[in-house]
Amino acid sequence: MAKRKLLLPTLPRTSKKKAQERASAGYYYDLNVPYPSAAGSKSKAIVSTRNLLRRLSALEYNTVALTRTIYGRPTKSFKDEISIDDVGDTCGLRVLDRLDVVVEEVADVGYFKSITSDNAQILNRFDVVALVPKNAYSFSAACSSANASEVIVLDTSKGKLPYFLKQQDLQAAVARGASFEFWYGAGIADSTKRKYLVQAAISFLKASAGVRPRPNIVFASGQCGCANSALVLRSPNDLVNILRVTLGFDHFVAHSAMKSSARLVENNGIDRRCGKSNDNSSNTGLFSPTTERTMIGKEKLTKKPSITNRFADHNDLESISLPYSREVSTTAKVDNVVEEMEGDGFINL
């Protein structure tokens, strides 16, 4: 009796390039996870940090940056309360070390103008260096001359942005290869700060309308101001929906805010630590010039109003028609946007 051959279903062959794209499709970053305060007990702070990492691992993040914050320029006597070595188990995550510097004086921004013998020992300890400007002068200086930092934070965790966003400042930041970062943690924990986040995003979209190449955008959890910061953490897919539906960013920017844009920040940090200076001629921002021309051509063919055109005729932040992915019949105010976020389930803890 002849044996029957067992026929197995054949799987479609995939190229090496497609396999690599699938492997990197779910690689997500959270570039700002603040260290819990170690003022009370260092052991409790270490346990809280481990709980944060466990929560981020469950939300399918792959790389996180543990952040410590200082005010003004760092000194040689600067010491870490907690380090990555103290945390130990990272729950399978790749952990970066980040420094956030809150700057109010232009002289403090001058400390980050370049890597010198005075600041190299301190700054090269960190994978990512970010500046948090607190006024218009420090923001303008951070955009134009702070070459030893990779990120400029638009901080709405304490209140409204204390300065107006100008196109020339954003263009200067793009020219030197800096990225802009929004924090969503405080907006989820507090309804008032939620409005400030929406207003900051609208102001950024209006100011960056004519900036080419487009600015690089990063979306991270950041400081939330609540006791248990693990409660405000959200999955990458939820954050993509918030960026697209609520804050008005387009599809590509929303998906790259925690992927390729964050990876670009990490690469710039590697260049800084290796002693490579920011070359304006080699910087292409979020899109290369060729990609920019292609995208502009596609926008003309589709004949749909772009995000920036919808904001062109509006000067009042309280009355702006937001670019939702679904149809909106009337002009939405910022308060209505916040209610929309709550109704979609992004805000409820």
# chains A, B, ... in the order shown; residues from 1 in each chain; ligands from 1
$ select_by_dssp --residues "stretch 58-180 of chain A" --states "alpha helix (DSSP H)" --output "PyMOL selection string"
chain A and resi 58+84-87+106-110+120-123+136-145+167-175
$ closest_residue --among "A:Ala45, A:Val33, A:Pro215, A:Asn268" --to "A:Val95" --atoms "only C-alpha atoms"
A:Val33
$ atom_distance --atom1 "atom CA of A:Leu31" --atom2 "atom CA of A:Asp89"
18.6 Å
$ closest_residue --among "A:Gly222, A:Pro74, A:Ala172, A:Phe182" --to "A:Ser208" --atoms "only C-alpha atoms"
A:Ala172
$ residues_around --residues "A:Ser256" --least-positions-apart "3" --cutoff "12 Å" --atoms "only C-alpha atoms" --output "number ranges by chain"
A: 25-29, 215-219, 236-237, 239-240, 243-244, 249-253, 259-265, 286-287
$ residues_around --residues "A:Asp169" --least-positions-apart "3" --cutoff "7 Å" --atoms "only C-alpha atoms" --output "ChimeraX atom specification"
/A:140,143-144,166,172-173
$ write_last_selection --atoms "C-alpha atoms" --output "compact mmCIF listing (two decimals), in the first residue's frame"
# COMPACT_ATOMS: atom_id res chain seq x y z
CA SER A 140 15.60 81.24 21.18
CA CYS A 143 17.13 76.63 19.23
CA SER A 144 20.04 78.48 17.65
CA LYS A 166 8.36 81.66 16.13
CA ALA A 172 17.29 77.43 13.50
CA ALA A 173 16.66 74.31 15.58
$ residues_around --residues "stretch 112-124 of chain A" --least-positions-apart "4" --cutoff "6 Å" --atoms "only C-alpha atoms" --output "PDB file with all heavy atoms, in the first residue's frame"
ATOM      1  N   SER A 145      21.796  77.856  19.255  1.00  0.00           N
ATOM      2  CA  SER A 145      23.220  77.670  19.564  1.00  0.00           C
ATOM      3  C   SER A 145      23.540  76.526  20.502  1.00  0.00           C
ATOM      4  O   SER A 145      24.718  76.276  20.757  1.00  0.00           O
ATOM      5  CB  SER A 145      23.776  78.965  20.183  1.00  0.00           C
ATOM      6  OG  SER A 145      23.090  79.281  21.380  1.00  0.00           O
ATOM      7  N   ALA A 146      22.566  75.807  21.039  1.00  0.00           N
ATOM      8  CA  ALA A 146      22.853  74.746  22.005  1.00  0.00           C
ATOM      9  C   ALA A 146      23.193  73.448  21.278  1.00  0.00           C
ATOM     10  O   ALA A 146      22.420  72.483  21.280  1.00  0.00           O
ATOM     11  CB  ALA A 146      21.679  74.550  22.955  1.00  0.00           C
ATOM     12  N   ASN A 147      24.363  73.384  20.651  1.00  0.00           N
ATOM     13  CA  ASN A 147      24.729  72.231  19.835  1.00  0.00           C
ATOM     14  C   ASN A 147      25.051  70.993  20.655  1.00  0.00           C
ATOM     15  O   ASN A 147      25.130  69.896  20.100  1.00  0.00           O
ATOM     16  CB  ASN A 147      25.936  72.587  18.964  1.00  0.00           C
ATOM     17  CG  ASN A 147      25.613  73.665  17.946  1.00  0.00           C
ATOM     18  OD1 ASN A 147      24.548  73.660  17.347  1.00  0.00           O
ATOM     19  ND2 ASN A 147      26.523  74.610  17.764  1.00  0.00           N
ATOM     20  N   ALA A 148      25.275  71.147  21.959  1.00  0.00           N
ATOM     21  CA  ALA A 148      25.596  69.999  22.809  1.00  0.00           C
ATOM     22  C   ALA A 148      24.349  69.353  23.398  1.00  0.00           C
ATOM     23  O   ALA A 148      24.453  68.536  24.307  1.00  0.00           O
ATOM     24  CB  ALA A 148      26.541  70.421  23.930  1.00  0.00           C
ATOM     25  N   ARG A 273      28.685  62.219  21.765  1.00  0.00           N
ATOM     26  CA  ARG A 273      29.639  61.542  22.647  1.00  0.00           C
ATOM     27  C   ARG A 273      30.896  61.110  21.913  1.00  0.00           C
ATOM     28  O   ARG A 273      31.957  60.960  22.525  1.00  0.00           O
ATOM     29  CB  ARG A 273      28.964  60.329  23.288  1.00  0.00           C
ATOM     30  CG  ARG A 273      27.758  60.700  24.140  1.00  0.00           C
ATOM     31  CD  ARG A 273      27.056  59.484  24.685  1.00  0.00           C
ATOM     32  NE  ARG A 273      27.826  58.841  25.733  1.00  0.00           N
ATOM     33  CZ  ARG A 273      27.450  57.715  26.338  1.00  0.00           C
ATOM     34  NH1 ARG A 273      26.331  57.108  25.964  1.00  0.00           N
ATOM     35  NH2 ARG A 273      28.191  57.190  27.283  1.00  0.00           N
TER      36      ARG A 273
END
$ closest_residue --among "A:Val101, A:Val153, A:Val132, A:Ala230" --to "A:Thr49" --atoms "only C-alpha atoms"
A:Ala230
$ atom_distance --atom1 "atom CA of A:Arg194" --atom2 "atom CA of A:Ser149"
27.1 Å
